[in-house]
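This report concerns only the one structure given below.
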Amino acid sequence: MLVWRARDRRFYELGEGLENLPLGIITGEQYCEQSIRLNVGDMILAFSDGATEAHSPAGEQLTHLGILALAEETLLGMEEPVSLPEFSQKLLGGVQTHRGEAELEDDVTLLTLAAGC
């Protein structure tokens, strides 16, 4: 997961232990919990491993650092106020560009949450 800090105009990785954040819940499992304060303009970006494990035509995985760089580049290239659906579409397009085709190897989930006024 990543957090966009509007005041810094950049993404940061969110807390240790959150690298396997579930985008679904299974009864009886234990999950980590973390609180974070969001300011106006901040955003949370969660993504599934289908994005980080996307392979380029040369076989290179995108990785979480690749998603971080891609998300930052995408967001900085957009006009404000940023539309979350448009950001998600452009980010998915970036993953597909890395892949070299629209068809991805695994399903991809992108979840964006923004703090309003």
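Residue numbering restarts at 1 in every chain; chains get A, B, ... in the order shown in the structure tokens, and ligands count up from 1 in that same order.
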
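The neighbours of range 40-46 of chain A here are the residues that come within 8 Å of it, using only C-alpha atoms and leaving out any residue fewer than 3 positions away in the same chain; they are A:Met1, A:Leu2, A:Val3, A:Trp4, A:Arg5, A:Ala6, A:Thr109, A:Leu110, A:Leu111, A:Thr112, A:Leu113, A:Ala114, A:Ala115, A:Gly116, A:Cys117.
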
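Excluding range 89-93 of chain A itself and same-chain residues fewer than 4 positions from it, the residues having an atom within 7 Å of it are Ala71, Thr74, Pro85 and Thr97 of chain A, counting only C-alpha atoms.
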
Residues of the last selection are to be written out with C-alpha atoms, as a compact mmCIF listing (two decimals), in the first residue's frame.
```txt
# COMPACT_ATOMS: atom_id res chain seq x y z
CA ALA A 71 1.84 5.86 -9.52
CA THR A 74 0.96 9.14 -13.30
CA PRO A 85 -11.32 6.81 -11.60
CA THR A 97 2.41 -0.71 -20.95
```

Exercise. Could you give me, as a list in words, each residue of range 29-100 of chain A that DSSP assigns to strand (DSSP E or B) when run on this structure's backbone?
Key: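 Those in range 29-100 of chain A that DSSP calls strand (DSSP E or B) are Met43, Ile44, Leu45, Ala46, Phe47, His55 and Gln61 of chain A.
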
Practice problem: Could you give me, as a VMD selection string, the residues within 10 Å of Met78 in chain A, counting only C-alpha atoms and dropping anything in the same chain fewer than 5 positions from it? | Solution: chain A and resid 73 83 86 to 87 90

DSSP-assigned alpha helix (DSSP H) members of chain A, reported as a JSON list (two decimals) with all heavy atoms, in the first residue's frame:
```
[["chain", "number", "residue", "atom", "x", "y", "z"],
["A", 49, "ASP", "N", -1.23, -8.24, -6.04],
["A", 49, "ASP", "CA", 0.03, -8.72, -6.59],
["A", 49, "ASP", "C", -0.01, -8.89, -8.10],
["A", 49, "ASP", "O", 1.03, -9.00, -8.75],
["A", 49, "ASP", "CB", 0.47, -10.02, -5.91],
["A", 49, "ASP", "CG", -0.50, -11.17, -6.13],
["A", 49, "ASP", "OD1", -1.58, -10.97, -6.71],
["A", 49, "ASP", "OD2", -0.16, -12.29, -5.70],
["A", 50, "GLY", "N", -1.20, -8.87, -8.69],
["A", 50, "GLY", "CA", -1.29, -8.93, -10.14],
["A", 50, "GLY", "C", -0.62, -7.73, -10.79],
["A", 50, "GLY", "O", -0.12, -7.81, -11.92],
["A", 51, "ALA", "N", -0.57, -6.61, -10.08],
["A", 51, "ALA", "CA", 0.11, -5.41, -10.60],
["A", 51, "ALA", "C", 1.62, -5.52, -10.39],
["A", 51, "ALA", "O", 2.39, -5.29, -11.31],
["A", 51, "ALA", "CB", -0.43, -4.16, -9.91],
["A", 52, "THR", "N", 2.04, -5.88, -9.18],
["A", 52, "THR", "CA", 3.47, -5.91, -8.89],
["A", 52, "THR", "C", 4.19, -7.05, -9.60],
["A", 52, "THR", "O", 5.38, -6.96, -9.87],
["A", 52, "THR", "CB", 3.72, -6.04, -7.37],
["A", 52, "THR", "OG1", 3.09, -7.23, -6.88],
["A", 52, "THR", "CG2", 3.20, -4.82, -6.63],
["A", 63, "THR", "N", 7.26, -5.00, -9.74],
["A", 63, "THR", "CA", 7.56, -4.88, -8.31],
["A", 63, "THR", "C", 6.83, -3.72, -7.65],
["A", 63, "THR", "O", 6.27, -2.85, -8.33],
["A", 63, "THR", "CB", 9.08, -4.75, -8.00],
["A", 63, "THR", "OG1", 9.51, -3.43, -8.33],
["A", 63, "THR", "CG2", 9.90, -5.80, -8.73],
["A", 64, "HIS", "N", 6.85, -3.72, -6.32],
["A", 64, "HIS", "CA", 6.17, -2.63, -5.59],
["A", 64, "HIS", "C", 6.87, -1.30, -5.80],
["A", 64, "HIS", "O", 6.24, -0.25, -5.80],
["A", 64, "HIS", "CB", 6.05, -2.97, -4.09],
["A", 64, "HIS", "CG", 7.34, -2.91, -3.34],
["A", 64, "HIS", "ND1", 8.31, -3.87, -3.41],
["A", 64, "HIS", "CD2", 7.81, -1.96, -2.50],
["A", 64, "HIS", "CE1", 9.33, -3.55, -2.66],
["A", 64, "HIS", "NE2", 9.06, -2.39, -2.09],
["A", 65, "LEU", "N", 8.18, -1.32, -6.00],
["A", 65, "LEU", "CA", 8.89, -0.06, -6.28],
["A", 65, "LEU", "C", 8.54, 0.48, -7.66],
["A", 65, "LEU", "O", 8.46, 1.69, -7.85],
["A", 65, "LEU", "CB", 10.40, -0.26, -6.15],
["A", 65, "LEU", "CG", 10.91, -0.58, -4.75],
["A", 65, "LEU", "CD1", 12.40, -0.85, -4.76],
["A", 65, "LEU", "CD2", 10.55, 0.53, -3.77],
["A", 66, "GLY", "N", 8.30, -0.42, -8.60],
["A", 66, "GLY", "CA", 7.86, -0.01, -9.92],
["A", 66, "GLY", "C", 6.48, 0.62, -9.88],
["A", 66, "GLY", "O", 6.21, 1.62, -10.55],
["A", 67, "ILE", "N", 5.59, 0.03, -9.08],
["A", 67, "ILE", "CA", 4.24, 0.60, -8.91],
["A", 67, "ILE", "C", 4.34, 1.98, -8.25],
["A", 67, "ILE", "O", 3.66, 2.92, -8.66],
["A", 67, "ILE", "CB", 3.34, -0.33, -8.07],
["A", 67, "ILE", "CG1", 2.93, -1.56, -8.89],
["A", 67, "ILE", "CG2", 2.10, 0.39, -7.55],
["A", 67, "ILE", "CD1", 1.91, -1.28, -9.97],
["A", 68, "LEU", "N", 5.20, 2.10, -7.24],
["A", 68, "LEU", "CA", 5.38, 3.39, -6.57],
["A", 68, "LEU", "C", 5.80, 4.45, -7.59],
["A", 68, "LEU", "O", 5.21, 5.53, -7.66],
["A", 68, "LEU", "CB", 6.41, 3.26, -5.45],
["A", 68, "LEU", "CG", 6.58, 4.48, -4.56],
["A", 68, "LEU", "CD1", 6.94, 4.06, -3.14],
["A", 68, "LEU", "CD2", 7.60, 5.44, -5.07],
["A", 69, "ALA", "N", 6.82, 4.15, -8.38],
["A", 69, "ALA", "CA", 7.31, 5.11, -9.38],
["A", 69, "ALA", "C", 6.25, 5.40, -10.43],
["A", 69, "ALA", "O", 6.04, 6.56, -10.81],
["A", 69, "ALA", "CB", 8.58, 4.57, -10.04],
["A", 70, "LEU", "N", 5.56, 4.37, -10.89],
["A", 70, "LEU", "CA", 4.52, 4.54, -11.90],
["A", 70, "LEU", "C", 3.36, 5.37, -11.37],
["A", 70, "LEU", "O", 2.85, 6.26, -12.06],
["A", 70, "LEU", "CB", 4.03, 3.17, -12.37],
["A", 70, "LEU", "CG", 3.00, 3.12, -13.47],
["A", 70, "LEU", "CD1", 3.51, 3.79, -14.74],
["A", 70, "LEU", "CD2", 2.62, 1.67, -13.76],
["A", 71, "ALA", "N", 2.95, 5.12, -10.13],
["A", 71, "ALA", "CA", 1.84, 5.86, -9.52],
["A", 71, "ALA", "C", 2.20, 7.34, -9.37],
["A", 71, "ALA", "O", 1.40, 8.22, -9.67],
["A", 71, "ALA", "CB", 1.47, 5.25, -8.18],
["A", 72, "GLU", "N", 3.42, 7.58, -8.91],
["A", 72, "GLU", "CA", 3.86, 8.97, -8.73],
["A", 72, "GLU", "C", 3.94, 9.71, -10.06],
["A", 72, "GLU", "O", 3.45, 10.82, -10.20],
["A", 72, "GLU", "CB", 5.22, 8.97, -8.03],
["A", 72, "GLU", "CG", 5.56, 10.27, -7.37],
["A", 72, "GLU", "CD", 6.67, 10.12, -6.37],
["A", 72, "GLU", "OE1", 6.38, 9.80, -5.21],
["A", 72, "GLU", "OE2", 7.84, 10.33, -6.76],
["A", 73, "GLU", "N", 4.52, 9.06, -11.05],
["A", 73, "GLU", "CA", 4.63, 9.66, -12.39],
["A", 73, "GLU", "C", 3.24, 9.94, -12.97],
["A", 73, "GLU", "O", 3.00, 11.00, -13.54],
["A", 73, "GLU", "CB", 5.40, 8.71, -13.30],
["A", 73, "GLU", "CG", 5.53, 9.16, -14.73],
["A", 73, "GLU", "CD", 6.21, 8.09, -15.59],
["A", 73, "GLU", "OE1", 7.23, 7.53, -15.14],
["A", 73, "GLU", "OE2", 5.71, 7.81, -16.69],
["A", 74, "THR", "N", 2.33, 8.99, -12.79],
["A", 74, "THR", "CA", 0.96, 9.14, -13.30],
["A", 74, "THR", "C", 0.26, 10.31, -12.63],
["A", 74, "THR", "O", -0.32, 11.16, -13.30],
["A", 74, "THR", "CB", 0.16, 7.84, -13.08],
["A", 74, "THR", "OG1", 0.82, 6.76, -13.76],
["A", 74, "THR", "CG2", -1.26, 7.96, -13.59],
["A", 75, "LEU", "N", 0.32, 10.35, -11.31],
["A", 75, "LEU", "CA", -0.40, 11.39, -10.57],
["A", 75, "LEU", "C", 0.18, 12.78, -10.85],
["A", 75, "LEU", "O", -0.57, 13.74, -11.02],
["A", 75, "LEU", "CB", -0.36, 11.09, -9.07],
["A", 75, "LEU", "CG", -1.40, 11.79, -8.22],
["A", 75, "LEU", "CD1", -2.82, 11.50, -8.71],
["A", 75, "LEU", "CD2", -1.27, 11.38, -6.78],
["A", 76, "LEU", "N", 1.50, 12.89, -10.93],
["A", 76, "LEU", "CA", 2.12, 14.18, -11.19],
["A", 76, "LEU", "C", 1.83, 14.68, -12.61],
["A", 76, "LEU", "O", 1.89, 15.88, -12.87],
["A", 76, "LEU", "CB", 3.63, 14.12, -10.95],
["A", 76, "LEU", "CG", 4.04, 13.99, -9.48],
["A", 76, "LEU", "CD1", 5.54, 13.74, -9.36],
["A", 76, "LEU", "CD2", 3.62, 15.22, -8.68],
["A", 84, "LEU", "N", -10.18, 10.22, -9.22],
["A", 84, "LEU", "CA", -9.70, 8.90, -8.83],
["A", 84, "LEU", "C", -9.95, 7.83, -9.89],
["A", 84, "LEU", "O", -9.05, 7.03, -10.18],
["A", 84, "LEU", "CB", -10.30, 8.47, -7.49],
["A", 84, "LEU", "CG", -9.83, 9.26, -6.27],
["A", 84, "LEU", "CD1", -10.42, 8.68, -4.99],
["A", 84, "LEU", "CD2", -8.34, 9.35, -6.18],
["A", 85, "PRO", "N", -11.14, 7.81, -10.53],
["A", 85, "PRO", "CA", -11.32, 6.81, -11.60],
["A", 85, "PRO", "C", -10.34, 7.01, -12.76],
["A", 85, "PRO", "O", -9.81, 6.04, -13.30],
["A", 85, "PRO", "CB", -12.77, 7.04, -12.05],
["A", 85, "PRO", "CG", -13.44, 7.65, -10.88],
["A", 85, "PRO", "CD", -12.39, 8.51, -10.23],
["A", 86, "GLU", "N", -10.06, 8.26, -13.12],
["A", 86, "GLU", "CA", -9.12, 8.53, -14.20],
["A", 86, "GLU", "C", -7.70, 8.12, -13.78],
["A", 86, "GLU", "O", -6.95, 7.53, -14.56],
["A", 86, "GLU", "CB", -9.14, 10.02, -14.57],
["A", 86, "GLU", "CG", -8.22, 10.36, -15.71],
["A", 86, "GLU", "CD", -8.20, 11.85, -16.05],
["A", 86, "GLU", "OE1", -9.00, 12.63, -15.45],
["A", 86, "GLU", "OE2", -7.40, 12.24, -16.90],
["A", 87, "PHE", "N", -7.33, 8.41, -12.53],
["A", 87, "PHE", "CA", -6.02, 8.01, -12.03],
["A", 87, "PHE", "C", -5.87, 6.49, -12.09],
["A", 87, "PHE", "O", -4.85, 5.97, -12.56],
["A", 87, "PHE", "CB", -5.81, 8.52, -10.60],
["A", 87, "PHE", "CG", -4.60, 7.92, -9.92],
["A", 87, "PHE", "CD1", -3.32, 8.24, -10.35],
["A", 87, "PHE", "CD2", -4.76, 7.05, -8.86],
["A", 87, "PHE", "CE1", -2.20, 7.68, -9.73],
["A", 87, "PHE", "CE2", -3.66, 6.50, -8.24],
["A", 87, "PHE", "CZ", -2.37, 6.81, -8.67],
["A", 88, "SER", "N", -6.89, 5.77, -11.63],
["A", 88, "SER", "CA", -6.84, 4.30, -11.64],
["A", 88, "SER", "C", -6.70, 3.77, -13.06],
["A", 88, "SER", "O", -5.93, 2.84, -13.32],
["A", 88, "SER", "CB", -8.08, 3.72, -10.97],
["A", 88, "SER", "OG", -8.09, 4.04, -9.60],
["A", 89, "GLN", "N", -7.46, 4.36, -14.00],
["A", 89, "GLN", "CA", -7.38, 3.92, -15.42],
["A", 89, "GLN", "C", -5.98, 4.15, -15.98],
["A", 89, "GLN", "O", -5.43, 3.30, -16.67],
["A", 89, "GLN", "CB", -8.40, 4.66, -16.26],
["A", 89, "GLN", "CG", -9.78, 4.05, -16.28],
["A", 89, "GLN", "CD", -9.77, 2.62, -16.80],
["A", 89, "GLN", "OE1", -10.17, 1.73, -16.08],
["A", 89, "GLN", "NE2", -9.33, 2.39, -18.01],
["A", 90, "LYS", "N", -5.42, 5.32, -15.69],
["A", 90, "LYS", "CA", -4.08, 5.64, -16.20],
["A", 90, "LYS", "C", -3.02, 4.74, -15.56],
["A", 90, "LYS", "O", -2.08, 4.31, -16.22],
["A", 90, "LYS", "CB", -3.75, 7.11, -15.96],
["A", 90, "LYS", "CG", -4.51, 8.05, -16.88],
["A", 90, "LYS", "CD", -4.14, 9.50, -16.60],
["A", 90, "LYS", "CE", -4.94, 10.42, -17.49],
["A", 90, "LYS", "NZ", -4.15, 10.95, -18.58],
["A", 91, "LEU", "N", -3.18, 4.46, -14.28],
["A", 91, "LEU", "CA", -2.23, 3.58, -13.60],
["A", 91, "LEU", "C", -2.31, 2.17, -14.16],
["A", 91, "LEU", "O", -1.28, 1.54, -14.44],
["A", 91, "LEU", "CB", -2.49, 3.58, -12.09],
["A", 91, "LEU", "CG", -1.53, 2.78, -11.22],
["A", 91, "LEU", "CD1", -0.09, 3.22, -11.43],
["A", 91, "LEU", "CD2", -1.92, 2.91, -9.75],
["A", 92, "LEU", "N", -3.52, 1.67, -14.38],
["A", 92, "LEU", "CA", -3.69, 0.36, -15.00],
["A", 92, "LEU", "C", -3.07, 0.36, -16.40],
["A", 92, "LEU", "O", -2.40, -0.60, -16.79],
["A", 92, "LEU", "CB", -5.16, -0.02, -15.08],
["A", 92, "LEU", "CG", -5.48, -1.36, -15.75],
["A", 92, "LEU", "CD1", -4.78, -2.51, -15.03],
["A", 92, "LEU", "CD2", -6.98, -1.57, -15.81],
["A", 93, "GLY", "N", -3.24, 1.45, -17.14],
["A", 93, "GLY", "CA", -2.62, 1.57, -18.46],
["A", 93, "GLY", "C", -1.10, 1.50, -18.37],
["A", 93, "GLY", "O", -0.45, 0.90, -19.23],
["A", 94, "GLY", "N", -0.53, 2.06, -17.31],
["A", 94, "GLY", "CA", 0.91, 1.99, -17.10],
["A", 94, "GLY", "C", 1.38, 0.57, -16.84],
["A", 94, "GLY", "O", 2.43, 0.15, -17.32],
["A", 95, "VAL", "N", 0.59, -0.18, -16.09],
["A", 95, "VAL", "CA", 0.91, -1.59, -15.83],
["A", 95, "VAL", "C", 0.84, -2.37, -17.15],
["A", 95, "VAL", "O", 1.72, -3.19, -17.45],
["A", 95, "VAL", "CB", -0.04, -2.21, -14.77],
["A", 95, "VAL", "CG1", 0.20, -3.71, -14.63],
["A", 95, "VAL", "CG2", 0.13, -1.50, -13.43],
["A", 96, "GLN", "N", -0.18, -2.10, -17.95],
["A", 96, "GLN", "CA", -0.31, -2.77, -19.25],
["A", 96, "GLN", "C", 0.83, -2.39, -20.19],
["A", 96, "GLN", "O", 1.33, -3.24, -20.93],
["A", 96, "GLN", "CB", -1.67, -2.42, -19.88],
["A", 96, "GLN", "CG", -2.82, -3.04, -19.12],
["A", 96, "GLN", "CD", -4.17, -2.48, -19.53],
["A", 96, "GLN", "OE1", -4.30, -1.29, -19.80],
["A", 96, "GLN", "NE2", -5.18, -3.35, -19.57],
["A", 97, "THR", "N", 1.27, -1.14, -20.14],
["A", 97, "THR", "CA", 2.41, -0.71, -20.95],
["A", 97, "THR", "C", 3.67, -1.46, -20.52],
["A", 97, "THR", "O", 4.45, -1.93, -21.36],
["A", 97, "THR", "CB", 2.63, 0.81, -20.83],
["A", 97, "THR", "OG1", 1.47, 1.47, -21.34],
["A", 97, "THR", "CG2", 3.86, 1.27, -21.59],
["A", 98, "HIS", "N", 3.88, -1.59, -19.22],
["A", 98, "HIS", "CA", 5.02, -2.38, -18.72],
["A", 98, "HIS", "C", 4.93, -3.82, -19.24],
["A", 98, "HIS", "O", 5.94, -4.38, -19.64],
["A", 98, "HIS", "CB", 5.04, -2.37, -17.19],
["A", 98, "HIS", "CG", 6.08, -3.29, -16.61],
["A", 98, "HIS", "ND1", 7.40, -2.93, -16.50],
["A", 98, "HIS", "CD2", 5.99, -4.55, -16.14],
["A", 98, "HIS", "CE1", 8.08, -3.93, -15.99],
["A", 98, "HIS", "NE2", 7.25, -4.93, -15.76],
["A", 99, "ARG", "N", 3.74, -4.36, -19.22],
["A", 99, "ARG", "CA", 3.51, -5.73, -19.67],
["A", 99, "ARG", "C", 3.75, -5.86, -21.18],
["A", 99, "ARG", "O", 4.11, -6.92, -21.66],
["A", 99, "ARG", "CB", 2.10, -6.17, -19.31],
["A", 99, "ARG", "CG", 1.66, -7.50, -19.82],
["A", 99, "ARG", "CD", 2.19, -8.64, -18.98],
["A", 99, "ARG", "NE", 1.66, -9.88, -19.51],
["A", 99, "ARG", "CZ", 2.40, -10.89, -19.92],
["A", 99, "ARG", "NH1", 3.71, -10.83, -19.83],
["A", 99, "ARG", "NH2", 1.84, -11.99, -20.39]]
```

Quiz item: Which is closer to Asp8 in chain A than all the others in A:Gly28, A:Asn39, A:Ser48, A:Val108, using only C-alpha atoms?
Solution: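 Nearest candidate to Asp8 in chain A out of A:Gly28, A:Asn39, A:Ser48, A:Val108: A:Asn39.
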
Quiz item: Which is closer to Ala102 in chain A than all the others in A:Phe47, A:Ala54, A:Arg37, A:Glu13, using only C-alpha atoms?
Solution: A:Ala54

Self-check item: Between CA of His55 in chain A and CA of Asp106 in chain A - distance in Å to one decimal
Solution: 10.4 Å
